[in-house]
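Coordinates as given in start-v9.txt (compact mmCIF, C-alpha atoms):
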# COMPACT_ATOMS: atom_id res chain seq x y z
CA MET A 729 0.00 0.00 0.00
CA PRO A 730 1.37 3.48 -0.89
CA ARG A 731 2.68 5.54 2.02
CA ARG A 732 0.17 8.34 1.42
CA ALA A 733 -2.74 5.93 1.34
CA ARG A 734 -1.52 4.29 4.54
CA THR A 735 -1.15 7.67 6.24
CA ALA A 736 -4.68 8.69 5.25
CA PHE A 737 -6.15 5.40 6.47
CA VAL A 738 -4.30 5.75 9.79
CA GLY A 739 -5.78 9.23 10.10
CA ALA A 740 -9.25 7.85 9.38
CA ALA A 741 -8.78 5.14 12.01
CA LEU A 742 -7.68 7.76 14.53
CA GLY A 743 -10.71 9.86 13.62
CA GLY A 744 -12.99 6.89 14.20
CA CYS A 745 -11.44 6.30 17.63
CA LEU A 746 -11.98 9.97 18.50
CA VAL A 747 -15.63 9.69 17.42
CA VAL A 748 -16.13 6.80 19.85
CA LEU A 749 -14.24 8.56 22.64
CA THR A 750 -16.21 11.78 22.18
CA ALA A 751 -19.52 9.90 22.25
CA VAL A 752 -18.62 8.02 25.43
CA VAL A 753 -17.41 11.12 27.27
CA ALA A 754 -20.32 13.31 26.14
CA LEU A 755 -23.10 10.80 26.75
CA HIS A 756 -21.90 8.59 29.60
CA VAL A 757 -19.24 10.42 31.65
CA GLY A 758 -20.47 12.86 34.28
CA LEU A 759 -17.60 15.31 33.82
CA GLY A 760 -18.19 15.42 30.06
CA GLN A 761 -21.92 15.96 30.53
CA HIS A 762 -21.28 18.76 32.99
CA ALA A 763 -18.81 20.46 30.62
CA ASP A 764 -21.36 20.18 27.81
CA GLN A 765 -24.00 21.90 29.93
CA VAL A 766 -21.74 24.70 31.13
CA ILE A 767 -20.45 25.51 27.65
CA PHE A 768 -23.98 25.29 26.28
CA ARG A 769 -25.18 27.85 28.82
CA GLY A 770 -22.50 30.22 27.58
CA PHE A 771 -23.78 29.99 24.02
CA LEU A 772 -27.37 30.44 25.13
CA GLY A 773 -26.32 33.54 27.04
CA LEU A 774 -25.47 35.21 23.74
CA SER A 775 -29.07 34.93 22.59
CA ARG A 776 -30.57 38.26 21.55
CA PRO A 777 -33.24 39.06 18.92
CA THR A 778 -30.68 40.48 16.48
CA VAL A 779 -28.14 37.74 17.18
CA ASN A 780 -30.78 35.05 16.79
CA SER A 781 -31.89 36.48 13.46
CA VAL A 782 -28.38 36.26 12.04
CA ALA A 783 -27.73 32.91 13.68
CA GLY A 784 -30.93 31.47 12.26
CA PHE A 785 -30.00 32.52 8.73
CA VAL A 786 -26.49 31.03 8.98
CA ALA A 787 -27.64 27.80 10.64
CA ARG A 788 -30.37 27.21 8.05
CA LEU A 789 -27.78 27.26 5.26
CA CYS A 790 -27.16 23.63 6.19
CA ASN A 791 -30.81 22.62 6.22
CA PRO A 792 -31.41 19.77 3.75
CA THR A 793 -32.76 21.81 0.82
CA PRO A 794 -30.10 24.54 0.54
CA TRP A 795 -27.36 22.08 1.49
CA VAL A 796 -28.15 19.79 -1.45
CA TYR A 797 -27.65 22.69 -3.86
CA PHE A 798 -24.36 23.63 -2.19
CA ALA A 799 -23.21 20.00 -2.24
CA VAL A 800 -23.55 19.78 -6.01
CA VAL A 801 -20.92 22.50 -6.49
CA PRO A 802 -17.76 20.56 -5.49
CA VAL A 803 -18.92 17.57 -7.54
CA ILE A 804 -19.35 19.79 -10.60
CA VAL A 805 -15.97 21.43 -9.98
CA ALA A 806 -14.21 18.05 -9.80
CA LEU A 807 -15.90 16.88 -13.01
CA ALA A 808 -15.05 20.15 -14.75
CA ARG A 809 -11.41 19.59 -13.78
CA ARG A 810 -11.64 16.09 -15.32
CA ARG A 811 -11.23 14.35 -11.98
CA PRO A 812 -14.08 11.80 -12.00
CA ARG A 813 -12.58 9.75 -9.18
CA VAL A 814 -12.29 12.86 -7.04
CA ALA A 815 -15.92 13.68 -7.84
CA LEU A 816 -16.88 10.18 -6.70
CA ALA A 817 -14.84 10.63 -3.52
CA VAL A 818 -16.68 13.90 -2.82
CA VAL A 819 -20.01 12.10 -3.18
CA VAL A 820 -18.81 9.35 -0.85
CA ILE A 821 -17.83 11.93 1.79
CA LEU A 822 -21.09 13.88 1.52
CA VAL A 823 -23.34 10.83 1.56
CA GLY A 824 -21.30 8.64 3.90
CA ALA A 825 -20.72 11.22 6.63
CA ASN A 826 -24.29 12.48 6.74
CA LEU A 827 -25.80 8.99 6.54
CA THR A 828 -23.55 7.89 9.41
CA THR A 829 -24.73 10.81 11.53
CA GLN A 830 -28.39 10.11 10.85
CA LEU A 831 -27.92 6.43 11.74
CA LEU A 832 -26.03 7.22 14.94
CA LYS A 833 -28.58 9.72 16.26
CA PRO A 834 -31.28 7.17 17.20
CA LEU A 835 -28.75 4.48 18.11
CA LEU A 836 -26.99 6.72 20.65
CA ALA A 837 -30.04 8.57 21.92
CA VAL A 838 -29.91 8.86 25.71
CA PRO A 839 -31.68 11.13 28.20
CA ARG A 840 -29.66 14.28 28.77
CA ALA A 841 -29.95 16.79 31.59
CA HIS A 842 -32.32 19.26 29.95
CA ASN A 843 -33.72 20.32 33.31
CA LEU A 844 -30.36 21.87 34.17
CA LEU A 845 -30.51 24.03 31.06
CA GLY A 846 -33.93 25.54 31.56
CA ASP A 847 -37.05 25.53 29.42
CA GLN A 848 -35.30 27.50 26.66
CA SER A 849 -33.38 24.42 25.53
CA PRO A 850 -35.08 22.51 22.68
CA VAL A 851 -32.24 19.99 22.32
CA SER A 852 -33.53 16.57 21.30
CA VAL A 853 -32.61 13.35 23.09
CA ALA A 854 -31.31 12.06 19.74
CA SER A 855 -28.96 14.96 19.13
CA TRP A 856 -25.50 13.37 19.03
CA PRO A 857 -23.84 13.91 16.60
CA SER A 858 -25.08 17.14 15.02
CA GLY A 859 -26.47 16.77 11.51
CA HIS A 860 -25.85 20.45 10.75
CA ALA A 861 -22.21 20.23 11.89
CA THR A 862 -21.70 17.08 9.83
CA ALA A 863 -23.32 18.67 6.78
CA ALA A 864 -21.23 21.84 7.05
CA MET A 865 -17.91 20.06 7.58
CA SER A 866 -18.52 17.37 4.94
CA LEU A 867 -19.33 20.14 2.46
CA ALA A 868 -16.11 21.93 3.41
CA LEU A 869 -14.00 18.79 3.07
CA GLY A 870 -15.60 17.80 -0.22
CA SER A 871 -14.75 21.26 -1.51
CA VAL A 872 -11.14 20.78 -0.36
CA LEU A 873 -10.77 17.66 -2.49
CA ALA A 874 -12.42 19.27 -5.52
CA ALA A 875 -10.32 22.45 -5.44
CA PRO A 876 -7.11 22.85 -7.47
CA GLY A 877 -3.99 22.11 -5.45
CA ARG A 878 -2.80 25.71 -5.22
CA TRP A 879 -6.16 26.78 -3.74
CA ARG A 880 -6.73 23.78 -1.48
CA GLY A 881 -5.32 25.41 1.66
CA VAL A 882 -7.46 28.50 1.18
CA VAL A 883 -10.58 26.40 0.59
CA ALA A 884 -9.81 24.40 3.73
CA ALA A 885 -9.56 27.56 5.83
CA LEU A 886 -12.74 29.07 4.37
CA GLY A 887 -14.61 25.78 4.65
CA ALA A 888 -13.63 25.32 8.28
CA THR A 889 -14.66 28.91 9.02
CA PHE A 890 -18.04 28.23 7.43
CA ALA A 891 -18.53 25.02 9.43
CA VAL A 892 -17.60 26.75 12.68
CA ALA A 893 -19.91 29.70 11.92
CA VAL A 894 -22.83 27.34 11.27
CA SER A 895 -22.08 25.47 14.49
CA TYR A 896 -21.79 28.61 16.61
CA SER A 897 -25.10 29.75 15.15
CA PHE A 898 -27.16 26.69 16.04
CA LEU A 899 -25.48 26.44 19.45
CA THR A 900 -26.60 30.00 20.19
CA LEU A 901 -30.11 29.00 19.12
CA GLY A 902 -29.97 26.02 21.50
CA TRP A 903 -30.35 23.28 18.90
CA HIS A 904 -27.42 21.14 20.05
CA TYR A 905 -24.85 20.58 22.73
CA PRO A 906 -21.21 21.50 21.97
CA SER A 907 -20.16 17.84 21.96
CA ASP A 908 -22.66 17.22 19.16
CA VAL A 909 -20.57 19.58 17.01
CA LEU A 910 -17.33 17.78 17.82
CA GLY A 911 -18.90 14.48 16.82
CA GLY A 912 -20.15 15.88 13.51
CA PHE A 913 -16.75 17.36 12.64
CA LEU A 914 -14.93 14.13 13.48
CA ILE A 915 -17.31 11.94 11.47
CA ALA A 916 -16.89 14.14 8.40
CA GLY A 917 -13.11 14.14 8.84
CA THR A 918 -13.01 10.36 9.20
CA TRP A 919 -14.92 9.83 5.98
CA ALA A 920 -12.80 12.39 4.13
CA LEU A 921 -9.50 10.79 5.17
CA ALA A 922 -10.81 7.34 4.25
CA ALA A 923 -11.81 8.70 0.81
CA VAL A 924 -8.35 10.24 0.34
CA GLY A 925 -6.75 6.92 1.22
CA MET A 926 -8.88 5.12 -1.35
CA LEU A 927 -7.94 7.67 -4.03
CA PHE A 928 -4.23 7.13 -3.45
CA LYS A 929 -4.69 3.37 -3.33
CA LEU A 930 -6.55 3.37 -6.66
CA GLU A 931 -3.87 5.54 -8.24
CA ALA A 932 -1.19 3.09 -7.16
CA GLN A 933 -3.16 0.15 -8.54
CA ARG A 934 -3.83 1.93 -11.85
CA PRO A 935 -0.79 4.10 -12.63
CA ARG A 936 -2.02 4.82 -16.16
CA LEU A 937 -5.04 6.63 -14.76
CA ALA A 938 -2.81 8.62 -12.43
CA ALA A 939 -0.49 9.57 -15.30
CA ALA A 940 -3.47 10.76 -17.33
CA SER A 941 -4.25 13.34 -14.64
CA PRO A 942 -0.95 15.09 -13.90
CA VAL A 943 -0.80 17.13 -10.70
CA THR A 944 1.53 19.74 -9.28
CA GLN A 945 3.13 19.19 -5.89
CA VAL A 946 1.98 21.77 -3.35
CA SER A 947 4.20 22.62 -0.39
CA LEU A 948 3.05 21.84 3.13
CA ARG A 949 3.63 25.46 4.07
CA ARG A 950 1.25 26.67 1.38
CA THR A 951 -1.33 24.14 2.53
CA VAL A 952 -1.18 25.02 6.24
CA THR A 953 -0.65 28.80 6.12
CA PRO A 954 -4.26 29.80 5.25
CA SER A 955 -5.63 27.91 8.27
CA ALA A 956 -3.03 29.55 10.52
CA LEU A 957 -4.07 32.94 9.15
CA ALA A 958 -7.74 32.12 9.72
CA LEU A 959 -6.96 31.23 13.33
CA ALA A 960 -5.01 34.44 13.79
CA GLY A 961 -7.86 36.38 12.21
CA GLY A 962 -10.34 34.86 14.64
CA VAL A 963 -8.16 35.83 17.59
CA ALA A 964 -7.78 39.36 16.20
CA LEU A 965 -11.54 39.68 15.73
CA ALA A 966 -12.15 38.54 19.30
CA ALA A 967 -9.61 41.10 20.51
CA LEU A 968 -11.34 43.88 18.57
CA VAL A 969 -14.70 42.96 20.09
CA ALA A 970 -13.10 43.00 23.54
CA LEU A 971 -11.62 46.44 22.87
CA ALA A 972 -14.94 47.80 21.62
CA TRP A 973 -16.97 46.51 24.60
CA PRO A 974 -14.37 45.82 27.31
CA HIS A 975 -16.63 45.73 30.36
CA GLN A 976 -19.30 43.53 28.79
CA VAL A 977 -16.80 41.11 27.24
CA VAL A 978 -14.58 40.80 30.30
CA GLY A 979 -17.60 40.32 32.55
CA TYR A 980 -19.06 37.62 30.29
CA VAL A 981 -15.74 35.80 29.96
CA ARG A 982 -15.20 35.80 33.72
CA SER A 983 -18.62 34.28 34.32
CA HIS A 984 -18.40 31.85 31.38
CA GLU A 985 -14.79 30.67 31.27
CA ALA A 986 -15.75 27.15 30.18
CA PHE A 987 -17.73 28.64 27.28
CA VAL A 988 -14.63 30.45 26.01
CA ILE A 989 -12.60 27.25 26.18
CA GLY A 990 -15.36 25.25 24.47
CA ALA A 991 -15.85 27.80 21.69
CA ALA A 992 -12.10 27.88 21.08
CA ALA A 993 -11.97 24.06 21.01
CA ILE A 994 -14.72 23.91 18.36
CA ALA A 995 -12.93 26.46 16.17
CA LEU A 996 -9.58 24.72 16.60
CA LEU A 997 -11.00 21.28 15.81
CA GLY A 998 -12.71 22.64 12.69
CA LEU A 999 -9.45 24.09 11.40
CA LEU A 1000 -7.47 20.99 12.35
CA VAL A 1001 -9.85 18.61 10.55
CA ALA A 1002 -9.91 20.70 7.37
CA THR A 1003 -6.14 21.21 7.43
CA ALA A 1004 -5.50 17.51 8.06
CA VAL A 1005 -7.56 16.52 5.03
CA SER A 1006 -5.96 19.23 2.90
CA SER A 1007 -2.49 18.09 3.98
CA ALA A 1008 -3.30 14.41 3.40
CA PHE A 1009 -4.45 15.21 -0.15
CA ARG A 1010 -1.45 17.48 -0.80
CA ARG A 1011 -0.01 16.56 -4.22
Now that the file is in, can you turn its structure into structure tokens?
Amino acid sequence: MPRRARTAFVGAALGGCLVVLTAVVALHVGLGQHADQVIFRGFLGLSRPTVNSVAGFVARLCNPTPWVYFAVVPVIVALARRRPRVALAVVVILVGANLTTQLLKPLLAVPRAHNLLGDQSPVSVASWPSGHATAAMSLALGSVLAAPGRWRGVVAALGATFAVAVSYSFLTLGWHYPSDVLGGFLIAGTWALAAVGMLFKLEAQRPRLAAASPVTQVSLRRTVTPSALALAGGVALAALVALAWPHQVVGYVRSHEAFVIGAAAIALLGLLVATAVSSAFRR
């Protein structure tokens, strides 16, 4: 098996293990459940009429109907670039990740401590993993594979930003727990890495097909830099908000420290998953 294929499959296996670990901690470990609730309260505390209006618009971008139209785009791009196997891999990621999430929801449904969150929480018992988070991240990762090599890092950063924005939005609206987002991101990443491994394995088995689609090697630095810039931009934006409303921001952070850590973890995981897939498919 080619080294790149093996590396991608190892990454997929690691992603699968993290999916299981996240589910166990979030659904069956008291400390994980408590952290979920505390972080969730922090997101709910941001709820305002104006905020909810924007959040609702962003979150609904990954409702089934608009998402299907968005999902067609990376498939068309891959076909336009004469990469039919990549187009098939994109379809596998989009269908596989979202089908996995929908199957896991009822299988892993357990009572969760809604009474601790108040009547404003509409979170369903069958909420892990998040379908919206899976849809957003699988769309981002499919777009990463479909993009030309020189743009793949940029697409990964933008896609991760989109997935995080969607997740922050529905968390503020109270649709899901934070751990539901982590599960959705990890499931999409696992499917994407498995698809990348299969692509490299097929290329090794059919070298003529690989030679018919020449590619340009992209440096690791060029692949990773956009995600690093996106992370730096997020930190800078948070700093600007803190400077504009220092008393409100500092007061909220002091009373919701776990929320800050949880929000940062979601953003970091989103960037890491997208960057990992972009790096694994670097060629």
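Among the candidate residues A:Phe798, A:Pro812, A:Ile804, A:Asn791, the one lying nearest to Gly859 in chain A is A:Asn791, with distances computed using all atoms listed in the file.
Relative to CA of Leu869 in chain A, CA of Ile821 in chain A is found at 8.0 Å.
Distances from A:Ala884, A:Leu749, A:Leu965, A:Ala893 to Arg950 in chain A were compared using all atoms listed in the file, and the smallest one belongs to A:Ala884.
If you look at CA of Ala864 in chain A and CA of Cys790 in chain A, they are 6.3 Å away from each other.
CA of Gly870 in chain A is found 4.8 Å from CA of Val818 in chain A.
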As a compact mmCIF listing (two decimals) with C-alpha atoms, keeping the file's coordinate frame, please: the residues near range 762-774 of chain A (cut-off 9 Å, only C-alpha atoms, same-chain neighbours under 3 positions excluded).
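File produced: part21.txt:
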# COMPACT_ATOMS: atom_id res chain seq x y z
CA ALA A 754 -20.32 13.31 26.14
CA VAL A 757 -19.24 10.42 31.65
CA GLY A 758 -20.47 12.86 34.28
CA LEU A 759 -17.60 15.31 33.82
CA VAL A 779 -28.14 37.74 17.18
CA ASN A 780 -30.78 35.05 16.79
CA ALA A 841 -29.95 16.79 31.59
CA HIS A 842 -32.32 19.26 29.95
CA LEU A 844 -30.36 21.87 34.17
CA LEU A 845 -30.51 24.03 31.06
CA GLN A 848 -35.30 27.50 26.66
CA SER A 849 -33.38 24.42 25.53
CA TYR A 896 -21.79 28.61 16.61
CA SER A 897 -25.10 29.75 15.15
CA LEU A 899 -25.48 26.44 19.45
CA THR A 900 -26.60 30.00 20.19
CA LEU A 901 -30.11 29.00 19.12
CA GLY A 902 -29.97 26.02 21.50
CA HIS A 904 -27.42 21.14 20.05
CA TYR A 905 -24.85 20.58 22.73
CA PRO A 906 -21.21 21.50 21.97
CA SER A 907 -20.16 17.84 21.96
CA TYR A 980 -19.06 37.62 30.29
CA SER A 983 -18.62 34.28 34.32
CA HIS A 984 -18.40 31.85 31.38
CA GLU A 985 -14.79 30.67 31.27
CA ALA A 986 -15.75 27.15 30.18
CA PHE A 987 -17.73 28.64 27.28
CA VAL A 988 -14.63 30.45 26.01
CA ILE A 989 -12.60 27.25 26.18
CA GLY A 990 -15.36 25.25 24.47
CA ALA A 991 -15.85 27.80 21.69
List as JSON lines every residue of range 783-865 of chain A that is in contact with range 737-748 of chain A, defined as an atom at most 12 Å from one of its atoms (using only C-alpha atoms), together with the nearest atom pair and the distance in Å rounded to one decimal, sorted by chain and then rising number.
{"residue": "A:Ala825", "atom": "CA", "partner": "A:Gly744", "partner_atom": "CA", "distance": 11.7}
{"residue": "A:Thr828", "atom": "CA", "partner": "A:Val747", "partner_atom": "CA", "distance": 11.4}
{"residue": "A:Thr829", "atom": "CA", "partner": "A:Val747", "partner_atom": "CA", "distance": 10.9}
{"residue": "A:Leu832", "atom": "CA", "partner": "A:Val747", "partner_atom": "CA", "distance": 11.0}
{"residue": "A:Leu836", "atom": "CA", "partner": "A:Val748", "partner_atom": "CA", "distance": 10.9}
{"residue": "A:Trp856", "atom": "CA", "partner": "A:Val747", "partner_atom": "CA", "distance": 10.7}
{"residue": "A:Pro857", "atom": "CA", "partner": "A:Val747", "partner_atom": "CA", "distance": 9.3}
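Only residues having an atom at most 8 Å from (1.4, 20.9, 2.1) are included; using all atoms listed in the file, these are Val946, Ser947, Leu948, Arg949, Arg950, Thr951, Val952, Ser1006, Ser1007, Arg1010 and Arg1011 of chain A.
Between Leu789 in chain A and the candidates A:Ala885, A:Ala863, A:Leu816, A:Leu835, the tightest atom-to-atom separation, counting all atoms listed in the file, involves A:Ala863.
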Could you pull range 817-829 of chain A out of the structure just shown and give N, CA and C atoms as a PDB file, in the first residue's frame?
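Full text of out-v7.pdb as output:
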ATOM      1  N   ALA A 817     -15.277  10.546  -4.922  1.00  0.00           N
ATOM      2  CA  ALA A 817     -14.843  10.630  -3.522  1.00  0.00           C
ATOM      3  C   ALA A 817     -15.629  11.705  -2.776  1.00  0.00           C
ATOM      4  N   VAL A 818     -15.891  12.823  -3.437  1.00  0.00           N
ATOM      5  CA  VAL A 818     -16.680  13.896  -2.823  1.00  0.00           C
ATOM      6  C   VAL A 818     -18.079  13.388  -2.495  1.00  0.00           C
ATOM      7  N   VAL A 819     -18.683  12.665  -3.422  1.00  0.00           N
ATOM      8  CA  VAL A 819     -20.013  12.104  -3.183  1.00  0.00           C
ATOM      9  C   VAL A 819     -19.985  11.129  -2.010  1.00  0.00           C
ATOM     10  N   VAL A 820     -18.942  10.312  -1.949  1.00  0.00           N
ATOM     11  CA  VAL A 820     -18.807   9.349  -0.853  1.00  0.00           C
ATOM     12  C   VAL A 820     -18.733  10.070   0.493  1.00  0.00           C
ATOM     13  N   ILE A 821     -17.953  11.157   0.545  1.00  0.00           N
ATOM     14  CA  ILE A 821     -17.833  11.927   1.794  1.00  0.00           C
ATOM     15  C   ILE A 821     -19.178  12.530   2.182  1.00  0.00           C
ATOM     16  N   LEU A 822     -19.827  13.187   1.231  1.00  0.00           N
ATOM     17  CA  LEU A 822     -21.087  13.875   1.518  1.00  0.00           C
ATOM     18  C   LEU A 822     -22.170  12.899   1.960  1.00  0.00           C
ATOM     19  N   VAL A 823     -22.296  11.802   1.241  1.00  0.00           N
ATOM     20  CA  VAL A 823     -23.340  10.830   1.563  1.00  0.00           C
ATOM     21  C   VAL A 823     -22.962  10.012   2.797  1.00  0.00           C
ATOM     22  N   GLY A 824     -21.727   9.519   2.815  1.00  0.00           N
ATOM     23  CA  GLY A 824     -21.300   8.642   3.905  1.00  0.00           C
ATOM     24  C   GLY A 824     -21.334   9.317   5.263  1.00  0.00           C
ATOM     25  N   ALA A 825     -20.781  10.525   5.342  1.00  0.00           N
ATOM     26  CA  ALA A 825     -20.720  11.217   6.632  1.00  0.00           C
ATOM     27  C   ALA A 825     -22.114  11.540   7.150  1.00  0.00           C
ATOM     28  N   ASN A 826     -22.961  12.067   6.279  1.00  0.00           N
ATOM     29  CA  ASN A 826     -24.293  12.479   6.737  1.00  0.00           C
ATOM     30  C   ASN A 826     -25.194  11.281   7.021  1.00  0.00           C
ATOM     31  N   LEU A 827     -25.038  10.204   6.258  1.00  0.00           N
ATOM     32  CA  LEU A 827     -25.804   8.995   6.544  1.00  0.00           C
ATOM     33  C   LEU A 827     -25.366   8.386   7.878  1.00  0.00           C
ATOM     34  N   THR A 828     -24.059   8.406   8.135  1.00  0.00           N
ATOM     35  CA  THR A 828     -23.552   7.894   9.412  1.00  0.00           C
ATOM     36  C   THR A 828     -24.146   8.665  10.585  1.00  0.00           C
ATOM     37  N   THR A 829     -24.170   9.984  10.463  1.00  0.00           N
ATOM     38  CA  THR A 829     -24.735  10.806  11.527  1.00  0.00           C
ATOM     39  C   THR A 829     -26.202  10.502  11.759  1.00  0.00           C
TER      40      THR A 829
END
